[in-house]
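Dropping structure.pdb in here (PDB, N, CA and C atoms, pLDDT in the B column):
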MODEL        1
ATOM      1  N   GLY A   1       2.083  -2.118  -9.486  1.00 58.00           N
ATOM      2  CA  GLY A   1       1.448  -2.450 -10.716  1.00 58.00           C
ATOM      3  C   GLY A   1       2.308  -3.406 -11.515  1.00 58.00           C
ATOM      4  N   VAL A   2       1.766  -3.897 -12.586  1.00 64.00           N
ATOM      5  CA  VAL A   2       2.440  -4.856 -13.455  1.00 64.00           C
ATOM      6  C   VAL A   2       2.418  -4.331 -14.876  1.00 64.00           C
ATOM      7  N   LEU A   3       3.563  -4.412 -15.543  1.00 63.00           N
ATOM      8  CA  LEU A   3       3.679  -4.027 -16.940  1.00 63.00           C
ATOM      9  C   LEU A   3       3.896  -5.289 -17.744  1.00 63.00           C
ATOM     10  N   ILE A   4       3.012  -5.587 -18.698  1.00 68.00           N
ATOM     11  CA  ILE A   4       3.116  -6.767 -19.548  1.00 68.00           C
ATOM     12  C   ILE A   4       3.173  -6.293 -20.979  1.00 68.00           C
ATOM     13  N   TYR A   5       4.187  -6.762 -21.725  1.00 61.00           N
ATOM     14  CA  TYR A   5       4.303  -6.362 -23.122  1.00 61.00           C
ATOM     15  C   TYR A   5       4.957  -7.464 -23.943  1.00 61.00           C
ATOM     16  N   HIS A   6       4.559  -7.518 -25.222  1.00 61.00           N
ATOM     17  CA  HIS A   6       5.101  -8.484 -26.176  1.00 61.00           C
ATOM     18  C   HIS A   6       6.305  -7.872 -26.869  1.00 61.00           C
ATOM     19  N   ASN A   7       7.204  -8.750 -27.329  1.00 60.00           N
ATOM     20  CA  ASN A   7       8.215  -8.252 -28.254  1.00 60.00           C
ATOM     21  C   ASN A   7       7.542  -8.149 -29.621  1.00 60.00           C
ATOM     22  N   PRO A   8       8.187  -7.588 -30.633  1.00 57.00           N
ATOM     23  CA  PRO A   8       7.503  -7.350 -31.913  1.00 57.00           C
ATOM     24  C   PRO A   8       6.908  -8.581 -32.583  1.00 57.00           C
ATOM     25  N   ASN A   9       7.452  -9.772 -32.375  1.00 60.00           N
ATOM     26  CA  ASN A   9       6.896 -10.933 -33.073  1.00 60.00           C
ATOM     27  C   ASN A   9       5.906 -11.742 -32.227  1.00 60.00           C
ATOM     28  N   TYR A  10       5.575 -11.275 -31.041  1.00 68.00           N
ATOM     29  CA  TYR A  10       4.553 -11.863 -30.168  1.00 68.00           C
ATOM     30  C   TYR A  10       4.901 -13.258 -29.647  1.00 68.00           C
ATOM     31  N   ASP A  11       6.150 -13.720 -29.791  1.00 82.00           N
ATOM     32  CA  ASP A  11       6.533 -15.027 -29.277  1.00 82.00           C
ATOM     33  C   ASP A  11       7.142 -14.946 -27.879  1.00 82.00           C
ATOM     34  N   ILE A  12       7.499 -13.758 -27.445  1.00 83.00           N
ATOM     35  CA  ILE A  12       8.082 -13.551 -26.123  1.00 83.00           C
ATOM     36  C   ILE A  12       7.209 -12.564 -25.355  1.00 83.00           C
ATOM     37  N   LEU A  13       6.870 -12.919 -24.147  1.00 81.00           N
ATOM     38  CA  LEU A  13       6.069 -12.067 -23.281  1.00 81.00           C
ATOM     39  C   LEU A  13       6.970 -11.575 -22.159  1.00 81.00           C
ATOM     40  N   ASN A  14       7.096 -10.274 -22.028  1.00 80.00           N
ATOM     41  CA  ASN A  14       7.913  -9.672 -20.981  1.00 80.00           C
ATOM     42  C   ASN A  14       7.001  -9.146 -19.890  1.00 80.00           C
ATOM     43  N   ILE A  15       7.333  -9.470 -18.651  1.00 79.00           N
ATOM     44  CA  ILE A  15       6.534  -9.012 -17.521  1.00 79.00           C
ATOM     45  C   ILE A  15       7.463  -8.283 -16.564  1.00 79.00           C
ATOM     46  N   GLY A  16       7.180  -7.022 -16.337  1.00 75.00           N
ATOM     47  CA  GLY A  16       7.909  -6.236 -15.349  1.00 75.00           C
ATOM     48  C   GLY A  16       6.938  -5.837 -14.266  1.00 75.00           C
ATOM     49  N   CYS A  17       7.345  -5.928 -13.028  1.00 65.00           N
ATOM     50  CA  CYS A  17       6.401  -5.601 -11.964  1.00 65.00           C
ATOM     51  C   CYS A  17       7.060  -4.730 -10.917  1.00 65.00           C
ATOM     52  N   LEU A  18       6.244  -4.004 -10.244  1.00 58.00           N
ATOM     53  CA  LEU A  18       6.696  -3.122  -9.178  1.00 58.00           C
ATOM     54  C   LEU A  18       6.417  -3.739  -7.815  1.00 58.00           C
ATOM     55  N   LEU A  19       6.270  -5.052  -7.783  1.00 56.00           N
ATOM     56  CA  LEU A  19       6.014  -5.728  -6.528  1.00 56.00           C
ATOM     57  C   LEU A  19       7.334  -6.001  -5.823  1.00 56.00           C
ATOM     58  N   THR A  20       7.272  -6.569  -4.652  1.00 55.00           N
ATOM     59  CA  THR A  20       8.482  -6.881  -3.902  1.00 55.00           C
ATOM     60  C   THR A  20       9.233  -8.023  -4.566  1.00 55.00           C
ATOM     61  N   ASN A  21      10.444  -8.291  -4.095  1.00 59.00           N
ATOM     62  CA  ASN A  21      11.248  -9.379  -4.626  1.00 59.00           C
ATOM     63  C   ASN A  21      10.841 -10.751  -4.088  1.00 59.00           C
ATOM     64  N   GLU A  22       9.790 -10.821  -3.307  1.00 65.00           N
ATOM     65  CA  GLU A  22       9.353 -12.099  -2.781  1.00 65.00           C
ATOM     66  C   GLU A  22       8.928 -13.008  -3.932  1.00 65.00           C
ATOM     67  N   THR A  23       9.098 -14.294  -3.746  1.00 60.00           N
ATOM     68  CA  THR A  23       8.769 -15.254  -4.801  1.00 60.00           C
ATOM     69  C   THR A  23       7.319 -15.083  -5.223  1.00 60.00           C
ATOM     70  N   LYS A  24       7.129 -15.032  -6.513  1.00 72.00           N
ATOM     71  CA  LYS A  24       5.803 -14.878  -7.085  1.00 72.00           C
ATOM     72  C   LYS A  24       5.526 -16.043  -8.031  1.00 72.00           C
ATOM     73  N   SER A  25       4.291 -16.351  -8.200  1.00 83.00           N
ATOM     74  CA  SER A  25       3.867 -17.385  -9.132  1.00 83.00           C
ATOM     75  C   SER A  25       3.185 -16.708 -10.314  1.00 83.00           C
ATOM     76  N   ILE A  26       3.521 -17.146 -11.517  1.00 87.00           N
ATOM     77  CA  ILE A  26       2.836 -16.653 -12.708  1.00 87.00           C
ATOM     78  C   ILE A  26       2.127 -17.834 -13.348  1.00 87.00           C
ATOM     79  N   ILE A  27       0.840 -17.677 -13.565  1.00 92.00           N
ATOM     80  CA  ILE A  27       0.042 -18.711 -14.209  1.00 92.00           C
ATOM     81  C   ILE A  27      -0.646 -18.089 -15.408  1.00 92.00           C
ATOM     82  N   ILE A  28      -0.552 -18.735 -16.562  1.00 93.00           N
ATOM     83  CA  ILE A  28      -1.242 -18.278 -17.762  1.00 93.00           C
ATOM     84  C   ILE A  28      -2.386 -19.241 -18.027  1.00 93.00           C
ATOM     85  N   TYR A  29      -3.585 -18.675 -18.102  1.00 95.00           N
ATOM     86  CA  TYR A  29      -4.806 -19.438 -18.338  1.00 95.00           C
ATOM     87  C   TYR A  29      -5.324 -19.168 -19.738  1.00 95.00           C
ATOM     88  N   ALA A  30      -5.889 -20.194 -20.369  1.00 95.00           N
ATOM     89  CA  ALA A  30      -6.626 -20.005 -21.613  1.00 95.00           C
ATOM     90  C   ALA A  30      -7.988 -19.393 -21.267  1.00 95.00           C
ATOM     91  N   LEU A  31      -8.689 -18.963 -22.272  1.00 91.00           N
ATOM     92  CA  LEU A  31      -9.976 -18.294 -22.082  1.00 91.00           C
ATOM     93  C   LEU A  31     -10.970 -19.154 -21.293  1.00 91.00           C
ATOM     94  N   LEU A  32     -10.905 -20.466 -21.462  1.00 91.00           N
ATOM     95  CA  LEU A  32     -11.838 -21.358 -20.771  1.00 91.00           C
ATOM     96  C   LEU A  32     -11.378 -21.727 -19.367  1.00 91.00           C
ATOM     97  N   GLY A  33     -10.233 -21.200 -18.919  1.00 92.00           N
ATOM     98  CA  GLY A  33      -9.796 -21.400 -17.554  1.00 92.00           C
ATOM     99  C   GLY A  33      -8.750 -22.474 -17.338  1.00 92.00           C
ATOM    100  N   ASN A  34      -8.370 -23.220 -18.391  1.00 96.00           N
ATOM    101  CA  ASN A  34      -7.341 -24.233 -18.194  1.00 96.00           C
ATOM    102  C   ASN A  34      -5.954 -23.594 -18.166  1.00 96.00           C
ATOM    103  N   ILE A  35      -5.075 -24.137 -17.327  1.00 96.00           N
ATOM    104  CA  ILE A  35      -3.716 -23.617 -17.187  1.00 96.00           C
ATOM    105  C   ILE A  35      -2.872 -24.078 -18.367  1.00 96.00           C
ATOM    106  N   VAL A  36      -2.206 -23.112 -19.038  1.00 95.00           N
ATOM    107  CA  VAL A  36      -1.343 -23.453 -20.172  1.00 95.00           C
ATOM    108  C   VAL A  36       0.133 -23.277 -19.847  1.00 95.00           C
ATOM    109  N   LYS A  37       0.463 -22.454 -18.864  1.00 94.00           N
ATOM    110  CA  LYS A  37       1.837 -22.277 -18.394  1.00 94.00           C
ATOM    111  C   LYS A  37       1.799 -21.869 -16.933  1.00 94.00           C
ATOM    112  N   GLN A  38       2.793 -22.341 -16.185  1.00 92.00           N
ATOM    113  CA  GLN A  38       2.882 -21.986 -14.770  1.00 92.00           C
ATOM    114  C   GLN A  38       4.360 -21.970 -14.386  1.00 92.00           C
ATOM    115  N   LEU A  39       4.787 -20.923 -13.686  1.00 87.00           N
ATOM    116  CA  LEU A  39       6.163 -20.848 -13.237  1.00 87.00           C
ATOM    117  C   LEU A  39       6.275 -19.992 -11.994  1.00 87.00           C
ATOM    118  N   SER A  40       7.341 -20.216 -11.255  1.00 82.00           N
ATOM    119  CA  SER A  40       7.652 -19.401 -10.082  1.00 82.00           C
ATOM    120  C   SER A  40       8.796 -18.476 -10.438  1.00 82.00           C
ATOM    121  N   ILE A  41       8.741 -17.249  -9.944  1.00 79.00           N
ATOM    122  CA  ILE A  41       9.795 -16.279 -10.214  1.00 79.00           C
ATOM    123  C   ILE A  41      10.184 -15.590  -8.921  1.00 79.00           C
ATOM    124  N   ASN A  42      11.356 -14.993  -8.914  1.00 71.00           N
ATOM    125  CA  ASN A  42      11.762 -14.188  -7.764  1.00 71.00           C
ATOM    126  C   ASN A  42      12.498 -12.939  -8.232  1.00 71.00           C
ATOM    127  N   ASN A  43      12.145 -12.459  -9.416  1.00 70.00           N
ATOM    128  CA  ASN A  43      12.724 -11.238  -9.979  1.00 70.00           C
ATOM    129  C   ASN A  43      11.630 -10.214 -10.218  1.00 70.00           C
ATOM    130  N   LYS A  44      12.033  -8.993 -10.503  1.00 72.00           N
ATOM    131  CA  LYS A  44      11.060  -7.957 -10.865  1.00 72.00           C
ATOM    132  C   LYS A  44      10.846  -7.900 -12.370  1.00 72.00           C
ATOM    133  N   GLN A  45      11.512  -8.770 -13.111  1.00 76.00           N
ATOM    134  CA  GLN A  45      11.365  -8.842 -14.570  1.00 76.00           C
ATOM    135  C   GLN A  45      11.435 -10.305 -14.976  1.00 76.00           C
ATOM    136  N   VAL A  46      10.551 -10.749 -15.842  1.00 81.00           N
ATOM    137  CA  VAL A  46      10.577 -12.129 -16.324  1.00 81.00           C
ATOM    138  C   VAL A  46      10.198 -12.135 -17.800  1.00 81.00           C
ATOM    139  N   THR A  47      10.800 -13.051 -18.547  1.00 83.00           N
ATOM    140  CA  THR A  47      10.508 -13.232 -19.962  1.00 83.00           C
ATOM    141  C   THR A  47       9.964 -14.643 -20.150  1.00 83.00           C
ATOM    142  N   ILE A  48       8.821 -14.756 -20.814  1.00 85.00           N
ATOM    143  CA  ILE A  48       8.178 -16.046 -21.031  1.00 85.00           C
ATOM    144  C   ILE A  48       8.047 -16.284 -22.531  1.00 85.00           C
ATOM    145  N   ASN A  49       8.506 -17.440 -22.984  1.00 87.00           N
ATOM    146  CA  ASN A  49       8.355 -17.817 -24.382  1.00 87.00           C
ATOM    147  C   ASN A  49       6.943 -18.365 -24.567  1.00 87.00           C
ATOM    148  N   VAL A  50       6.147 -17.730 -25.427  1.00 88.00           N
ATOM    149  CA  VAL A  50       4.764 -18.154 -25.663  1.00 88.00           C
ATOM    150  C   VAL A  50       4.565 -18.613 -27.106  1.00 88.00           C
ATOM    151  N   VAL A  51       5.665 -18.985 -27.780  1.00 88.00           N
ATOM    152  CA  VAL A  51       5.578 -19.409 -29.171  1.00 88.00           C
ATOM    153  C   VAL A  51       4.691 -20.643 -29.324  1.00 88.00           C
ATOM    154  N   ASP A  52       4.613 -21.472 -28.278  1.00 91.00           N
ATOM    155  CA  ASP A  52       3.814 -22.691 -28.338  1.00 91.00           C
ATOM    156  C   ASP A  52       2.327 -22.465 -28.093  1.00 91.00           C
ATOM    157  N   LEU A  53       1.927 -21.260 -27.739  1.00 90.00           N
ATOM    158  CA  LEU A  53       0.510 -20.972 -27.517  1.00 90.00           C
ATOM    159  C   LEU A  53      -0.165 -20.587 -28.826  1.00 90.00           C
ATOM    160  N   ASN A  54      -1.390 -21.044 -28.999  1.00 91.00           N
ATOM    161  CA  ASN A  54      -2.171 -20.662 -30.170  1.00 91.00           C
ATOM    162  C   ASN A  54      -2.603 -19.209 -30.059  1.00 91.00           C
ATOM    163  N   GLU A  55      -2.984 -18.618 -31.191  1.00 88.00           N
ATOM    164  CA  GLU A  55      -3.523 -17.270 -31.159  1.00 88.00           C
ATOM    165  C   GLU A  55      -4.802 -17.280 -30.331  1.00 88.00           C
ATOM    166  N   GLY A  56      -5.030 -16.200 -29.594  1.00 89.00           N
ATOM    167  CA  GLY A  56      -6.244 -16.112 -28.807  1.00 89.00           C
ATOM    168  C   GLY A  56      -6.073 -15.250 -27.580  1.00 89.00           C
ATOM    169  N   VAL A  57      -7.067 -15.322 -26.706  1.00 91.00           N
ATOM    170  CA  VAL A  57      -7.094 -14.526 -25.481  1.00 91.00           C
ATOM    171  C   VAL A  57      -6.648 -15.406 -24.320  1.00 91.00           C
ATOM    172  N   TYR A  58      -5.771 -14.858 -23.492  1.00 93.00           N
ATOM    173  CA  TYR A  58      -5.264 -15.548 -22.308  1.00 93.00           C
ATOM    174  C   TYR A  58      -5.311 -14.598 -21.122  1.00 93.00           C
ATOM    175  N   PHE A  59      -5.269 -15.164 -19.943  1.00 93.00           N
ATOM    176  CA  PHE A  59      -5.203 -14.377 -18.722  1.00 93.00           C
ATOM    177  C   PHE A  59      -3.947 -14.759 -17.959  1.00 93.00           C
ATOM    178  N   ILE A  60      -3.244 -13.761 -17.449  1.00 89.00           N
ATOM    179  CA  ILE A  60      -2.049 -13.984 -16.658  1.00 89.00           C
ATOM    180  C   ILE A  60      -2.365 -13.621 -15.219  1.00 89.00           C
ATOM    181  N   SER A  61      -2.108 -14.554 -14.325  1.00 89.00           N
ATOM    182  CA  SER A  61      -2.293 -14.337 -12.904  1.00 89.00           C
ATOM    183  C   SER A  61      -0.921 -14.307 -12.259  1.00 89.00           C
ATOM    184  N   LEU A  62      -0.594 -13.210 -11.603  1.00 83.00           N
ATOM    185  CA  LEU A  62       0.677 -13.053 -10.918  1.00 83.00           C
ATOM    186  C   LEU A  62       0.378 -12.979  -9.431  1.00 83.00           C
ATOM    187  N   GLU A  63       0.967 -13.899  -8.650  1.00 79.00           N
ATOM    188  CA  GLU A  63       0.630 -13.985  -7.235  1.00 79.00           C
ATOM    189  C   GLU A  63       1.859 -13.871  -6.343  1.00 79.00           C
ATOM    190  N   ASN A  64       1.673 -13.230  -5.209  1.00 73.00           N
ATOM    191  CA  ASN A  64       2.648 -13.270  -4.117  1.00 73.00           C
ATOM    192  C   ASN A  64       1.858 -13.254  -2.817  1.00 73.00           C
ATOM    193  N   LYS A  65       2.534 -13.134  -1.690  1.00 74.00           N
ATOM    194  CA  LYS A  65       1.818 -13.222  -0.411  1.00 74.00           C
ATOM    195  C   LYS A  65       0.866 -12.058  -0.192  1.00 74.00           C
ATOM    196  N   ASN A  66       0.992 -10.979  -0.964  1.00 76.00           N
ATOM    197  CA  ASN A  66       0.127  -9.815  -0.803  1.00 76.00           C
ATOM    198  C   ASN A  66      -1.148  -9.889  -1.628  1.00 76.00           C
ATOM    199  N   GLY A  67      -1.249 -10.888  -2.507  1.00 79.00           N
ATOM    200  CA  GLY A  67      -2.457 -11.004  -3.306  1.00 79.00           C
ATOM    201  C   GLY A  67      -2.185 -11.435  -4.726  1.00 79.00           C
ATOM    202  N   LYS A  68      -3.168 -11.173  -5.596  1.00 83.00           N
ATOM    203  CA  LYS A  68      -3.119 -11.639  -6.967  1.00 83.00           C
ATOM    204  C   LYS A  68      -3.490 -10.500  -7.909  1.00 83.00           C
ATOM    205  N   ILE A  69      -2.793 -10.445  -9.059  1.00 82.00           N
ATOM    206  CA  ILE A  69      -3.110  -9.500 -10.128  1.00 82.00           C
ATOM    207  C   ILE A  69      -3.413 -10.327 -11.367  1.00 82.00           C
ATOM    208  N   VAL A  70      -4.516 -10.044 -12.043  1.00 86.00           N
ATOM    209  CA  VAL A  70      -4.880 -10.766 -13.258  1.00 86.00           C
ATOM    210  C   VAL A  70      -4.955  -9.765 -14.404  1.00 86.00           C
ATOM    211  N   LYS A  71      -4.265 -10.092 -15.507  1.00 85.00           N
ATOM    212  CA  LYS A  71      -4.262  -9.246 -16.696  1.00 85.00           C
ATOM    213  C   LYS A  71      -4.647 -10.086 -17.896  1.00 85.00           C
ATOM    214  N   LYS A  72      -5.324  -9.469 -18.855  1.00 87.00           N
ATOM    215  CA  LYS A  72      -5.702 -10.144 -20.091  1.00 87.00           C
ATOM    216  C   LYS A  72      -4.647  -9.837 -21.154  1.00 87.00           C
ATOM    217  N   ILE A  73      -4.248 -10.858 -21.917  1.00 85.00           N
ATOM    218  CA  ILE A  73      -3.367 -10.647 -23.059  1.00 85.00           C
ATOM    219  C   ILE A  73      -3.988 -11.292 -24.282  1.00 85.00           C
ATOM    220  N   ILE A  74      -3.605 -10.801 -25.437  1.00 83.00           N
ATOM    221  CA  ILE A  74      -4.065 -11.357 -26.706  1.00 83.00           C
ATOM    222  C   ILE A  74      -2.847 -11.795 -27.477  1.00 83.00           C
ATOM    223  N   LYS A  75      -2.784 -13.078 -27.846  1.00 84.00           N
ATOM    224  CA  LYS A  75      -1.671 -13.596 -28.644  1.00 84.00           C
ATOM    225  C   LYS A  75      -2.111 -13.568 -30.094  1.00 84.00           C
ATOM    226  N   ASN A  76      -1.360 -12.845 -30.927  1.00 79.00           N
ATOM    227  CA  ASN A  76      -1.671 -12.752 -32.360  1.00 79.00           C
ATOM    228  C   ASN A  76      -0.862 -13.752 -33.136  1.00 79.00           C
TER     229      ASN A  76
ENDMDL
END
So that I can check it, write out the structure of this file as structure tokens.
Amino acid sequence: GVLIYHNPNYDILNIGCLLTNETKSIIIYALLGNIVKQLSINNKQVTINVVDLNEGVYFISLENKNGKIVKKIIKN
């Protein structure tokens, strides 16, 4: 599973996952489907600065060779 949580001021997004250490891709999509951030990771924990994103609903897609997990987040 994947644990996604904001720090108290909503400018940092922390993602912890129970997936393997294999390289994973994280893509953040806006509500209309356009990509707003994309990065590759190889850790079980990642911190993403989202201060540049407007308030609204976004989707995070986390991918590795075993498949894809999509979670909805709300930036306040």
Check which residues satisfy the PyMOL selection byres ((chain A and resi 29) around 8) in the file shown, then give them as an MDAnalysis selection string. chainID A and resid 26:28 30:38 57:61
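Atom N of A:Asn42 lies 25.5 Å from atom N of A:Asn76.
Compared by their closest atoms to A:Lys44, and using only N, CA and C atoms, the residues A:Ile69, A:Ile15, A:Ser25, A:Glu63 rank with A:Ile15 nearest.
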By how many Å are atom CA of A:Lys71 and atom CA of A:Asn14 apart? 12.9 Å
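A straight line drawn from atom CA of A:Asp52 to atom CA of A:Ile73 is 15.0 Å long.
Among the candidates A:Val70, A:Lys75, A:Asn64, A:Leu13, the one nearest to A:Asn49 when counting only C-alpha atoms is A:Leu13.
Take the candidates A:Thr47, A:Lys24, A:Ser40, A:Ile12 and check each one against A:Leu62 using only N, CA and C atoms; the shortest distance goes to A:Lys24.
Distance annotation: of A:Asn66, A:Lys72, A:Gly56, A:Ile48, the residue with the minimal separation from A:Asp11 is A:Ile48; atom set is only C-alpha atoms.
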